[in-house]
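Data block for model-v6.cif (mmCIF, C-alpha atoms):
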```cif
data_work
#
loop_
_atom_site.label_atom_id
_atom_site.label_comp_id
_atom_site.auth_asym_id
_atom_site.auth_seq_id
_atom_site.Cartn_x
_atom_site.Cartn_y
_atom_site.Cartn_z
CA MET L 300 10.13 -36.68 -11.01
CA THR L 301 13.25 -38.78 -11.41
CA VAL L 302 16.45 -36.77 -11.25
CA LEU L 303 19.58 -38.53 -12.45
CA PRO L 304 22.98 -37.77 -10.92
CA SER L 305 24.05 -36.62 -14.38
CA THR L 306 21.28 -34.02 -14.51
CA LYS L 307 22.79 -30.56 -14.81
CA TYR L 308 21.30 -27.32 -13.63
CA LYS L 309 21.75 -23.87 -15.07
CA ALA L 310 20.79 -20.74 -13.16
CA GLU L 311 18.83 -17.84 -14.59
CA PRO L 312 21.43 -15.39 -16.00
CA ALA L 313 22.58 -12.96 -13.31
CA ASP L 314 21.42 -9.95 -15.31
CA GLN L 315 17.90 -11.40 -15.42
CA ILE L 316 17.29 -11.43 -11.68
CA LEU L 317 17.37 -8.86 -8.89
CA VAL L 318 18.25 -10.21 -5.46
CA ALA L 319 17.35 -8.37 -2.25
CA PRO L 320 18.40 -10.08 1.01
CA LEU L 321 16.18 -9.18 3.96
CA ASP L 322 16.45 -10.45 7.55
CA SER L 323 15.34 -14.08 7.30
CA LEU L 324 14.23 -14.29 3.68
CA THR L 325 15.62 -13.24 0.33
CA LEU L 326 13.61 -11.71 -2.50
CA VAL L 327 14.43 -12.71 -6.05
CA TYR L 328 12.75 -10.68 -8.78
CA GLN L 329 12.78 -12.40 -12.15
CA ARG L 330 12.76 -9.94 -15.05
CA ARG L 331 11.55 -12.54 -17.55
CA SER L 332 8.34 -13.32 -15.66
CA GLY L 333 7.91 -10.18 -13.53
CA ILE L 334 7.43 -12.46 -10.51
CA THR L 335 8.92 -11.82 -7.08
CA HIS L 336 10.07 -15.08 -5.49
CA ILE L 337 10.56 -15.25 -1.73
CA VAL L 338 13.18 -17.82 -0.79
CA ALA L 339 15.02 -18.94 2.36
CA GLU L 340 18.51 -20.39 2.81
CA PRO L 341 20.12 -22.28 1.21
CA ALA L 342 18.28 -21.29 -1.99
CA PRO L 343 19.94 -17.83 -2.32
CA GLU L 344 23.34 -19.36 -1.62
CA ILE L 345 22.75 -22.02 -4.29
CA LEU L 346 21.80 -19.37 -6.85
CA ALA L 347 24.80 -17.23 -5.93
CA ILE L 348 27.28 -20.06 -6.33
CA MET L 349 26.02 -21.35 -9.67
CA CYS L 350 28.09 -19.97 -12.52
CA ALA L 351 26.98 -19.40 -16.07
CA ASP L 352 27.69 -23.03 -17.04
CA ALA L 353 25.43 -25.97 -16.30
CA MET L 354 26.46 -27.92 -13.17
CA THR L 355 25.39 -31.17 -11.53
CA ALA L 356 23.97 -31.18 -8.00
CA ASP L 357 27.19 -32.83 -6.82
CA GLU L 358 29.34 -30.04 -8.29
CA ILE L 359 27.13 -27.42 -6.67
CA ALA L 360 27.25 -29.23 -3.32
CA GLN L 361 31.04 -29.37 -3.44
CA ARG L 362 31.31 -25.67 -4.18
CA LEU L 363 28.93 -24.84 -1.34
CA ALA L 364 30.80 -27.18 1.01
CA ALA L 365 34.06 -25.46 0.23
CA GLN L 366 32.59 -22.07 0.96
CA PHE L 367 30.48 -22.91 4.02
CA ASP L 368 32.50 -25.78 5.51
CA PHE L 369 30.13 -28.75 5.61
CA ASP L 370 30.15 -32.33 4.31
CA SER L 371 28.79 -32.18 0.76
CA THR L 372 27.71 -35.84 0.69
CA GLN L 373 25.45 -35.37 3.72
CA ALA L 374 23.81 -32.28 2.22
CA MET L 375 23.15 -33.75 -1.22
CA ASP L 376 19.49 -34.58 -0.57
CA ILE L 377 18.73 -31.06 0.68
CA ILE L 378 20.59 -29.37 -2.15
CA THR L 379 18.94 -31.56 -4.80
CA ALA L 380 15.51 -30.82 -3.30
CA ARG L 381 16.17 -27.05 -3.31
CA LEU L 382 17.53 -27.21 -6.88
CA ASN L 383 14.37 -28.91 -8.06
CA GLU L 384 12.20 -26.36 -6.24
CA LEU L 385 14.17 -23.57 -7.92
CA ALA L 386 13.68 -25.36 -11.25
CA ASP L 387 9.93 -25.55 -10.62
CA LEU L 388 9.94 -21.79 -9.95
CA GLY L 389 11.77 -21.16 -13.21
CA LEU L 390 14.86 -19.72 -11.53
CA VAL L 391 16.95 -22.75 -12.51
CA GLU L 392 16.82 -24.80 -15.70
CA ARG L 393 17.31 -28.60 -15.79
CA CYS L 394 19.65 -29.62 -18.60
CA HIS L 395 19.43 -33.36 -19.31
CA ALA L 396 22.39 -34.95 -21.05
CA MET U 223 -24.97 15.51 -16.18
CA HIS U 224 -23.56 17.86 -13.52
CA GLU U 225 -19.78 18.06 -13.18
CA PHE U 226 -17.21 18.80 -10.49
CA ARG U 227 -13.40 18.72 -10.76
CA VAL U 228 -10.80 18.47 -8.04
CA GLN U 229 -7.05 17.91 -7.71
CA VAL U 230 -5.92 15.76 -4.77
CA GLY U 231 -2.14 15.48 -4.54
CA PRO U 232 -0.90 14.37 -7.98
CA ALA U 233 -4.29 13.00 -9.10
CA ALA U 234 -6.96 14.99 -10.94
CA PHE U 235 -10.59 13.88 -10.92
CA ARG U 236 -13.70 14.77 -12.88
CA ILE U 237 -16.89 13.67 -11.15
CA GLY U 238 -20.09 13.64 -13.17
CA SER U 239 -23.46 13.13 -11.52
CA GLN U 240 -27.09 12.92 -12.55
CA TRP U 241 -27.93 14.63 -9.24
CA LYS U 242 -26.64 18.03 -8.17
CA ARG U 243 -26.64 17.49 -4.41
CA PRO U 244 -23.62 15.16 -4.06
CA LEU U 245 -21.55 17.54 -6.19
CA ASP U 246 -22.63 20.54 -4.12
CA GLN U 247 -21.43 18.65 -1.04
CA LEU U 248 -18.13 17.81 -2.74
CA ALA U 249 -17.67 21.43 -3.88
CA GLU U 250 -18.23 22.67 -0.33
CA LEU U 251 -15.82 20.19 1.26
CA TYR U 252 -13.15 20.50 -1.46
CA ARG U 253 -13.49 24.30 -1.63
CA ASP U 254 -9.79 24.93 -0.85
CA TYR U 255 -8.43 22.39 -3.36
CA PRO U 256 -7.14 23.23 -6.87
CA VAL U 257 -9.41 22.70 -9.90
CA PRO U 258 -7.55 20.76 -12.62
CA ALA U 259 -7.91 21.51 -16.32
CA ILE U 260 -7.26 17.95 -17.47
CA PRO U 261 -8.46 15.08 -15.30
CA ASP U 262 -6.64 11.78 -14.87
CA TYR U 263 -9.87 9.97 -14.09
CA SER U 264 -13.57 10.38 -14.70
CA VAL U 265 -16.08 9.17 -12.15
CA ARG U 266 -19.81 8.95 -12.79
CA LEU U 267 -22.65 8.83 -10.28
CA GLU U 268 -25.57 7.42 -12.25
CA SER U 269 -28.93 5.92 -11.45
CA VAL U 270 -29.22 2.17 -11.68
CA SER U 271 -32.31 2.68 -13.88
CA LEU U 272 -34.38 5.57 -15.23
CA LEU U 273 -37.03 5.01 -12.58
CA ARG U 274 -34.50 4.92 -9.72
CA ARG U 275 -33.22 8.34 -10.75
CA PHE U 276 -36.39 9.78 -9.22
CA VAL U 277 -38.04 7.08 -7.06
CA ARG U 278 -35.89 6.05 -4.08
CA PRO U 279 -32.84 7.34 -6.01
CA SER U 280 -30.02 4.82 -6.07
CA VAL U 281 -26.45 5.75 -7.05
CA ALA U 282 -24.34 3.32 -9.08
CA ILE U 283 -20.57 3.85 -8.80
CA ASN U 284 -19.14 4.11 -12.31
CA GLY U 285 -15.96 5.50 -13.82
CA ASP U 286 -12.87 4.69 -15.84
CA TYR U 287 -12.26 1.79 -13.46
CA MET U 288 -15.22 -0.10 -12.03
CA LEU U 289 -16.01 -3.15 -9.95
CA PRO U 290 -18.82 -5.01 -11.71
CA ASP U 291 -20.44 -6.16 -8.47
CA ALA U 292 -20.21 -2.85 -6.55
CA ALA U 293 -23.53 -2.34 -4.78
CA PRO U 294 -25.32 0.98 -5.44
CA LEU U 295 -25.92 3.39 -2.57
CA PRO U 296 -28.94 5.54 -1.71
CA LEU U 297 -28.71 9.16 -2.87
CA ALA U 298 -28.32 10.34 0.74
CA GLN U 299 -24.93 8.57 0.61
CA GLY U 300 -23.99 10.08 -2.76
CA LEU U 301 -20.97 11.83 -1.23
CA LEU U 302 -19.68 8.47 0.02
CA ALA U 303 -20.30 6.96 -3.43
CA ALA U 304 -18.18 9.70 -5.01
CA GLU U 305 -15.35 9.18 -2.53
CA MET U 306 -15.47 5.41 -3.02
CA ALA U 307 -15.37 5.86 -6.78
CA MET U 308 -12.38 8.21 -6.56
CA ASN U 309 -10.56 5.71 -4.33
CA LEU U 310 -11.35 2.95 -6.79
CA GLN U 311 -9.73 4.88 -9.65
CA MET U 312 -6.57 5.24 -7.59
CA ALA U 313 -6.53 1.62 -6.38
CA LEU U 314 -7.08 0.13 -9.83
CA GLY U 315 -5.59 2.72 -12.15
CA TRP U 316 -2.68 4.60 -10.58
CA ARG U 317 0.72 3.74 -12.10
CA ARG U 318 2.93 6.76 -11.36
CA HIS U 319 3.81 5.68 -7.83
CA LEU U 320 3.86 2.56 -5.72
CA LEU U 321 0.48 2.77 -4.04
CA LEU U 322 0.18 1.63 -0.42
CA HIS U 323 -3.10 1.35 1.43
CA ALA U 324 -1.89 3.42 4.36
CA SER U 325 -2.16 6.76 6.13
CA ALA U 326 0.66 9.24 6.65
CA VAL U 327 1.63 12.36 8.56
CA GLU U 328 4.78 14.47 8.34
CA LYS U 329 7.02 16.28 10.79
CA ASP U 330 10.32 18.07 10.07
CA GLY U 331 10.26 16.87 6.48
CA ARG U 332 9.97 13.17 7.37
CA ALA U 333 6.95 10.95 7.06
CA LEU U 334 5.33 8.55 9.49
CA ILE U 335 3.45 5.86 7.56
CA MET U 336 0.71 3.77 9.17
CA THR U 337 -0.88 0.72 7.59
CA GLY U 338 -3.18 -2.08 8.70
CA GLN U 339 -6.54 -3.68 8.25
CA SER U 340 -9.75 -1.67 8.32
CA GLY U 341 -10.49 -0.91 11.98
CA SER U 342 -6.83 -0.75 13.00
CA GLY U 343 -7.19 2.99 13.54
CA LYS U 344 -4.68 4.17 10.93
CA SER U 345 -7.10 6.72 9.51
CA THR U 346 -8.18 8.09 12.90
CA LEU U 347 -4.57 8.25 14.09
CA ALA U 348 -3.53 10.23 11.03
CA ALA U 349 -6.49 12.58 11.48
CA MET U 350 -5.71 13.07 15.16
CA LEU U 351 -1.97 13.62 14.66
CA GLY U 352 -2.75 15.93 11.74
CA HIS U 353 -4.53 18.20 14.23
CA ARG U 354 -1.81 17.93 16.87
CA GLY U 355 1.39 19.28 15.39
CA TRP U 356 1.91 16.95 12.41
CA ARG U 357 1.09 17.63 8.77
CA PHE U 358 -1.66 15.32 7.54
CA MET U 359 -0.64 13.63 4.25
CA GLY U 360 -3.47 11.18 3.72
CA ASP U 361 -5.67 8.60 5.43
CA GLU U 362 -6.19 6.10 2.61
CA PHE U 363 -3.26 5.95 0.20
CA VAL U 364 0.43 6.68 0.45
CA LEU U 365 2.10 7.13 -2.93
CA VAL U 366 5.77 6.10 -2.94
CA ASP U 367 7.91 7.86 -5.55
CA LEU U 368 9.46 5.17 -7.76
CA ASP U 369 12.77 7.04 -8.13
CA THR U 370 13.33 8.82 -4.81
CA GLY U 371 11.33 6.65 -2.39
CA ALA U 372 9.61 9.76 -1.00
CA ALA U 373 6.01 9.59 0.23
CA VAL U 374 3.79 11.78 -1.91
CA PRO U 375 0.69 13.18 -0.16
CA PHE U 376 -2.83 12.23 -1.19
CA PRO U 377 -4.83 14.31 1.32
CA ARG U 378 -8.38 13.57 0.22
CA LEU U 379 -11.23 14.19 2.66
CA ILE U 380 -10.69 12.29 5.92
CA SER U 381 -13.24 9.50 6.15
CA LEU U 382 -14.26 9.18 9.81
CA LYS U 383 -16.09 6.04 10.89
CA ASN U 384 -18.25 5.33 13.93
CA GLU U 385 -16.50 6.29 17.23
CA ALA U 386 -13.86 8.31 15.35
CA ILE U 387 -16.54 10.83 14.39
CA GLY U 388 -17.18 11.92 18.00
CA ALA U 389 -13.47 11.90 18.82
CA MET U 390 -12.59 14.21 15.95
CA MET U 391 -15.59 16.51 16.52
CA ALA U 392 -13.98 17.36 19.84
CA THR U 393 -10.68 18.17 18.08
CA ALA U 394 -11.33 19.64 14.63
CA LEU U 395 -12.87 22.98 13.79
CA ASP U 396 -16.58 23.38 13.15
CA GLY U 397 -17.43 24.01 9.53
CA ARG U 398 -14.98 21.40 8.23
CA PHE U 399 -17.29 18.38 8.56
CA GLY U 400 -19.50 16.90 5.90
CA PRO U 401 -22.97 15.52 6.56
CA LEU U 402 -23.33 12.55 8.91
CA MET U 403 -24.22 9.46 6.87
CA PRO U 404 -25.58 6.86 9.27
CA GLU U 405 -25.74 3.13 8.61
CA THR U 406 -23.74 3.04 5.40
CA PRO U 407 -22.17 -0.31 4.35
CA LYS U 408 -19.07 0.91 6.23
CA GLY U 409 -20.96 2.01 9.36
CA ASP U 410 -21.60 5.65 10.27
CA ILE U 411 -19.48 7.90 8.07
CA ARG U 412 -18.68 11.59 8.29
CA HIS U 413 -16.06 13.32 6.16
CA LEU U 414 -13.66 15.91 7.54
CA VAL U 415 -11.76 18.48 5.50
CA PRO U 416 -8.01 18.07 6.25
CA PRO U 417 -6.31 20.98 8.05
CA ALA U 418 -5.44 23.96 5.83
CA ASP U 419 -1.68 23.26 6.03
CA ALA U 420 -2.22 19.75 4.65
CA ILE U 421 -4.05 21.09 1.60
CA ALA U 422 -1.57 23.91 1.03
CA ALA U 423 1.38 21.47 1.12
CA MET U 424 -0.22 18.61 -0.81
CA SER U 425 2.43 18.70 -3.53
CA ARG U 426 5.30 18.50 -1.02
CA PRO U 427 6.61 14.92 -0.49
CA ALA U 428 8.46 13.67 2.58
CA GLN U 429 10.97 10.87 3.02
CA PRO U 430 9.52 7.96 5.05
CA ALA U 431 11.21 7.67 8.48
CA LEU U 432 8.99 5.21 10.37
CA LEU U 433 6.36 2.61 9.47
CA LEU U 434 3.74 1.61 12.04
CA PHE U 435 1.25 -1.25 12.09
CA PRO U 436 -1.33 -0.01 14.62
CA SER U 437 -3.86 -2.28 16.35
CA PHE U 438 -6.69 -0.63 18.23
CA GLY U 439 -8.23 -2.22 21.34
CA PHE U 440 -5.22 -3.85 23.04
CA ASP U 441 -3.07 -2.94 26.05
CA PRO U 442 -0.34 -0.51 25.01
CA ALA U 443 2.72 -2.27 23.58
CA PHE U 444 5.03 -2.22 20.64
CA ARG U 445 7.32 -4.70 18.89
CA GLU U 446 9.85 -4.50 16.10
CA VAL U 447 8.71 -5.86 12.74
CA GLY U 448 11.44 -7.32 10.55
CA PRO U 449 11.90 -6.48 6.86
CA SER U 450 10.61 -9.87 5.65
CA GLU U 451 7.31 -9.45 7.49
CA VAL U 452 7.08 -5.82 6.37
CA PHE U 453 7.57 -6.86 2.75
CA MET U 454 4.82 -9.50 3.00
CA ARG U 455 2.40 -7.05 4.62
CA LEU U 456 3.12 -4.21 2.20
CA THR U 457 2.68 -6.35 -0.90
CA GLN U 458 -0.78 -7.12 0.50
CA ALA U 459 -1.33 -3.41 1.16
CA SER U 460 -0.42 -2.41 -2.40
CA THR U 461 -2.84 -2.66 -5.30
CA ASN U 462 -0.26 -1.93 -7.99
CA TYR U 463 2.93 -3.68 -6.82
CA VAL U 464 2.63 -6.49 -9.38
CA THR U 465 1.60 -4.15 -12.20
CA LEU U 466 4.63 -1.90 -11.69
CA GLY U 467 7.02 -4.81 -12.22
CA GLU U 468 10.70 -4.09 -11.61
CA LYS U 469 10.07 -0.46 -10.63
CA GLY U 470 7.67 -1.62 -7.92
CA PHE U 471 10.13 -4.24 -6.69
CA SER U 472 12.94 -1.69 -6.43
CA ALA U 473 10.74 0.88 -4.67
CA LEU U 474 9.32 -1.58 -2.17
CA THR U 475 12.61 -3.33 -1.35
CA ARG U 476 14.27 0.06 -0.77
CA PHE U 477 11.38 0.99 1.52
CA VAL U 478 11.57 -2.18 3.65
CA GLN U 479 15.38 -2.06 3.81
CA THR U 480 15.57 1.57 4.94
CA VAL U 481 12.42 2.35 6.94
CA PRO U 482 12.22 0.95 10.50
CA ALA U 483 8.90 -0.69 11.33
CA ARG U 484 7.00 -1.28 14.57
CA ALA U 485 3.65 -2.82 15.47
CA ILE U 486 1.84 -0.83 18.15
CA ASP U 487 -1.16 -1.76 20.29
CA TYR U 488 -3.25 0.95 21.93
CA ARG U 489 -6.60 1.50 23.60
CA ASP U 490 -7.19 5.19 22.91
CA GLY U 491 -5.80 8.20 21.13
CA ILE U 492 -3.76 9.46 24.08
CA GLU U 493 -1.92 6.14 24.42
CA ALA U 494 -1.35 6.00 20.69
CA GLU U 495 0.04 9.53 20.55
CA ASP U 496 2.38 8.78 23.45
CA LEU U 497 3.68 5.61 21.75
CA VAL U 498 4.05 7.37 18.42
CA ASN U 499 6.00 10.26 19.95
CA ARG U 500 8.35 7.93 21.81
CA LEU U 501 9.04 5.77 18.75
CA TRP U 502 9.43 8.85 16.55
CA ALA U 503 11.96 10.38 18.95
CA LYS U 504 14.00 7.15 18.90
CA CYS U 505 14.12 6.72 15.15
CA THR U 506 14.64 10.35 14.18
#
```
Output the file's structure as structure tokens, nothing else.
Amino acid sequence: MTVLPSTKYKAEPADQILVAPLDSLTLVYQRRSGITHIVAEPAPEILAIMCADAMTADEIAQRLAAQFDFDSTQAMDIITARLNELADLGLVERCHA
Amino acid sequence: MHEFRVQVGPAAFRIGSQWKRPLDQLAELYRDYPVPAIPDYSVRLESVSLLRRFVRPSVAINGDYMLPDAAPLPLAQGLLAAEMAMNLQMALGWRRHLLLHASAVEKDGRALIMTGQSGSGKSTLAAMLGHRGWRFMGDEFVLVDLDTGAAVPFPRLISLKNEAIGAMMATALDGRFGPLMPETPKGDIRHLVPPADAIAAMSRPAQPALLLFPSFGFDPAFREVGPSEVFMRLTQASTNYVTLGEKGFSALTRFVQTVPARAIDYRDGIEAEDLVNRLWAKCT
């Protein structure tokens, strides 16, 4: 699917998921669906950094870059791919302008 | 229809049968267990047809929860049919605890849980340890308390298969074995009544302290199993994880985050007991 740079993403409300970090994977239980999702980095970090408002992939990348010290422009492809996977799982909602 | 009732751990069963003999065998083997007033589950041993009640009698496994394609068994294996039906009720119907397909024994108030595929030896190991200083808690299901995380015993009859029969006949007391049922769909089967202390303490839970994934038939070894792998394996070993929803998630994540896990390989009971004792000493 085509994802525009202006596409915004909104995370599942924090009170609607339970997050349990394990050794190499993180479990995310979604109350709405009753499904346990098993995700690896950077998906848990992306979810953790998204606030209640809708954000573009670029805004999310910049926040992550500030926290984890990497070049946000180089990581855009990876972050966009993970955001769309999270959207397919129902843990993130795409909000088109 | 003949009837027999038995309480195993927190679960109460009523078993009805068109034939008296399987219930007489159950009554003999479950003679030291409580008799419940109100059953949780009803199990029925019925003929597949009127004719097959009398001619080459064939037992269909019926009950509150059934598998539509479960093959009937000959009447000589009626005891096995009853046990399979009781297990089926637990696997498909139990909601009060997180149910793990696993065996367990207890020492000093803490539980050793063992899980793995059929043939891994988890049942035989629990039976053996239960006769060598540990309290037997169950060889088929471990029930994890959804609030406290404690392992709740389910000490049904121990189901010995093939080589395990001979091994346990050298260890357990005479008079506690059921009839030998050769060439069942699961191989040769003989049931063993758990030790008296296991039955007497079947309402006493124990906090899990160690999880083992045994593998029979390999040179002795052990390796640490990380929480992610444990979680994957235990969701496969649980028949009610999805049904329990958030309660199941909380109980299972607490289990994998707090209980150390090891995979052990062994060739015989002596090696297994040695490995178990060493790992137990380290983690407790």
When the cut-off is 10 Å and we count all atoms listed in the file, which residues of chain L are near chain U, given as a PDB file with C-alpha atoms, in the frame of the given file?
```pdb
ATOM      1  CA  ILE L 316      17.290 -11.430 -11.680  1.00  0.00           C
ATOM      2  CA  LEU L 317      17.370  -8.860  -8.890  1.00  0.00           C
ATOM      3  CA  VAL L 318      18.250 -10.210  -5.460  1.00  0.00           C
ATOM      4  CA  ALA L 319      17.350  -8.370  -2.250  1.00  0.00           C
ATOM      5  CA  PRO L 320      18.400 -10.080   1.010  1.00  0.00           C
ATOM      6  CA  LEU L 321      16.180  -9.180   3.960  1.00  0.00           C
ATOM      7  CA  ASP L 322      16.450 -10.450   7.550  1.00  0.00           C
ATOM      8  CA  SER L 323      15.340 -14.080   7.300  1.00  0.00           C
ATOM      9  CA  LEU L 324      14.230 -14.290   3.680  1.00  0.00           C
ATOM     10  CA  THR L 325      15.620 -13.240   0.330  1.00  0.00           C
ATOM     11  CA  LEU L 326      13.610 -11.710  -2.500  1.00  0.00           C
ATOM     12  CA  VAL L 327      14.430 -12.710  -6.050  1.00  0.00           C
ATOM     13  CA  TYR L 328      12.750 -10.680  -8.780  1.00  0.00           C
ATOM     14  CA  GLN L 329      12.780 -12.400 -12.150  1.00  0.00           C
ATOM     15  CA  ARG L 330      12.760  -9.940 -15.050  1.00  0.00           C
ATOM     16  CA  SER L 332       8.340 -13.320 -15.660  1.00  0.00           C
ATOM     17  CA  GLY L 333       7.910 -10.180 -13.530  1.00  0.00           C
ATOM     18  CA  ILE L 334       7.430 -12.460 -10.510  1.00  0.00           C
ATOM     19  CA  THR L 335       8.920 -11.820  -7.080  1.00  0.00           C
ATOM     20  CA  ILE L 337      10.560 -15.250  -1.730  1.00  0.00           C
TER      21      ILE L 337
END
```
Using the chain letters and numbers from the file, give me the residues hit by the PyMOL selection byres ((chain L and resi 355-363) around 9), as a PDB file with C-alpha atoms, keeping the file's coordinate frame.
```pdb
ATOM      1  CA  PRO L 304      22.980 -37.770 -10.920  1.00  0.00           C
ATOM      2  CA  SER L 305      24.050 -36.620 -14.380  1.00  0.00           C
ATOM      3  CA  THR L 306      21.280 -34.020 -14.510  1.00  0.00           C
ATOM      4  CA  LYS L 307      22.790 -30.560 -14.810  1.00  0.00           C
ATOM      5  CA  TYR L 308      21.300 -27.320 -13.630  1.00  0.00           C
ATOM      6  CA  LYS L 309      21.750 -23.870 -15.070  1.00  0.00           C
ATOM      7  CA  GLU L 344      23.340 -19.360  -1.620  1.00  0.00           C
ATOM      8  CA  ILE L 345      22.750 -22.020  -4.290  1.00  0.00           C
ATOM      9  CA  ILE L 348      27.280 -20.060  -6.330  1.00  0.00           C
ATOM     10  CA  MET L 349      26.020 -21.350  -9.670  1.00  0.00           C
ATOM     11  CA  ALA L 353      25.430 -25.970 -16.300  1.00  0.00           C
ATOM     12  CA  MET L 354      26.460 -27.920 -13.170  1.00  0.00           C
ATOM     13  CA  ALA L 364      30.800 -27.180   1.010  1.00  0.00           C
ATOM     14  CA  ALA L 365      34.060 -25.460   0.230  1.00  0.00           C
ATOM     15  CA  GLN L 366      32.590 -22.070   0.960  1.00  0.00           C
ATOM     16  CA  PHE L 367      30.480 -22.910   4.020  1.00  0.00           C
ATOM     17  CA  ASP L 368      32.500 -25.780   5.510  1.00  0.00           C
ATOM     18  CA  PHE L 369      30.130 -28.750   5.610  1.00  0.00           C
ATOM     19  CA  ASP L 370      30.150 -32.330   4.310  1.00  0.00           C
ATOM     20  CA  SER L 371      28.790 -32.180   0.760  1.00  0.00           C
ATOM     21  CA  THR L 372      27.710 -35.840   0.690  1.00  0.00           C
ATOM     22  CA  ALA L 374      23.810 -32.280   2.220  1.00  0.00           C
ATOM     23  CA  MET L 375      23.150 -33.750  -1.220  1.00  0.00           C
ATOM     24  CA  ILE L 378      20.590 -29.370  -2.150  1.00  0.00           C
ATOM     25  CA  THR L 379      18.940 -31.560  -4.800  1.00  0.00           C
ATOM     26  CA  LEU L 382      17.530 -27.210  -6.880  1.00  0.00           C
TER      27      LEU L 382
END
```
- Message: For the PyMOL selection byres ((chain U and resi 340-346) around 9), applied here, can you spell out every residue it catches as number ranges by chain?
- Response: U: 324-326, 335-339, 347-351, 360-362, 380-383, 386-387, 389-390, 434-439, 491
All residues 12 Å or closer to Met308 of chain U, only C-alpha atoms, same chain fewer than 5 positions away omitted, as an mmCIF file with C-alpha atoms, in the coordinates of the input:
```cif
data_model
loop_
_atom_site.group_PDB
_atom_site.id
_atom_site.type_symbol
_atom_site.label_atom_id
_atom_site.label_comp_id
_atom_site.auth_asym_id
_atom_site.auth_seq_id
_atom_site.Cartn_x
_atom_site.Cartn_y
_atom_site.Cartn_z
ATOM 1 C CA ARG U 227 -13.400 18.720 -10.760
ATOM 2 C CA VAL U 228 -10.800 18.470 -8.040
ATOM 3 C CA GLN U 229 -7.050 17.910 -7.710
ATOM 4 C CA VAL U 230 -5.920 15.760 -4.770
ATOM 5 C CA ALA U 233 -4.290 13.000 -9.100
ATOM 6 C CA ALA U 234 -6.960 14.990 -10.940
ATOM 7 C CA PHE U 235 -10.590 13.880 -10.920
ATOM 8 C CA ARG U 236 -13.700 14.770 -12.880
ATOM 9 C CA ILE U 237 -16.890 13.670 -11.150
ATOM 10 C CA GLY U 238 -20.090 13.640 -13.170
ATOM 11 C CA LEU U 248 -18.130 17.810 -2.740
ATOM 12 C CA PRO U 261 -8.460 15.080 -15.300
ATOM 13 C CA ASP U 262 -6.640 11.780 -14.870
ATOM 14 C CA TYR U 263 -9.870 9.970 -14.090
ATOM 15 C CA SER U 264 -13.570 10.380 -14.700
ATOM 16 C CA VAL U 265 -16.080 9.170 -12.150
ATOM 17 C CA ARG U 266 -19.810 8.950 -12.790
ATOM 18 C CA LEU U 267 -22.650 8.830 -10.280
ATOM 19 C CA ILE U 283 -20.570 3.850 -8.800
ATOM 20 C CA ASN U 284 -19.140 4.110 -12.310
ATOM 21 C CA GLY U 285 -15.960 5.500 -13.820
ATOM 22 C CA ASP U 286 -12.870 4.690 -15.840
ATOM 23 C CA TYR U 287 -12.260 1.790 -13.460
ATOM 24 C CA MET U 288 -15.220 -0.100 -12.030
ATOM 25 C CA LEU U 301 -20.970 11.830 -1.230
ATOM 26 C CA LEU U 302 -19.680 8.470 0.020
ATOM 27 C CA ALA U 303 -20.300 6.960 -3.430
ATOM 28 C CA ALA U 313 -6.530 1.620 -6.380
ATOM 29 C CA LEU U 314 -7.080 0.130 -9.830
ATOM 30 C CA GLY U 315 -5.590 2.720 -12.150
ATOM 31 C CA TRP U 316 -2.680 4.600 -10.580
ATOM 32 C CA GLU U 362 -6.190 6.100 2.610
ATOM 33 C CA PHE U 363 -3.260 5.950 0.200
ATOM 34 C CA PHE U 376 -2.830 12.230 -1.190
ATOM 35 C CA ARG U 378 -8.380 13.570 0.220
ATOM 36 C CA LEU U 379 -11.230 14.190 2.660
#
```
- Written as JSON, numbers by chain, which residues does the PyMOL selection byres ((chain U and resi 398) around 9) give for the file shown? {"U": [251, 394, 395, 396, 397, 399, 400, 413, 414, 415, 416, 417]}
- atom CA of Pro343 of chain L to atom CA of Cys394 of chain L, distance in Å rounded to a single decimal: 20.1 Å
- Atom pair atom CA of Leu272 of chain U / atom CA of Leu289 of chain U: separation (Å): 21.0 Å
- Item | Separation of atom CA of Pro312 of chain L from atom CA of Ala339 of chain L in Å | 19.8 Å
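Distances from U:Leu321, U:Leu334, U:Ala494, U:Ala372 to Leu456 of chain U were compared using all atoms listed in the file, and the smallest one belongs to U:Leu321.
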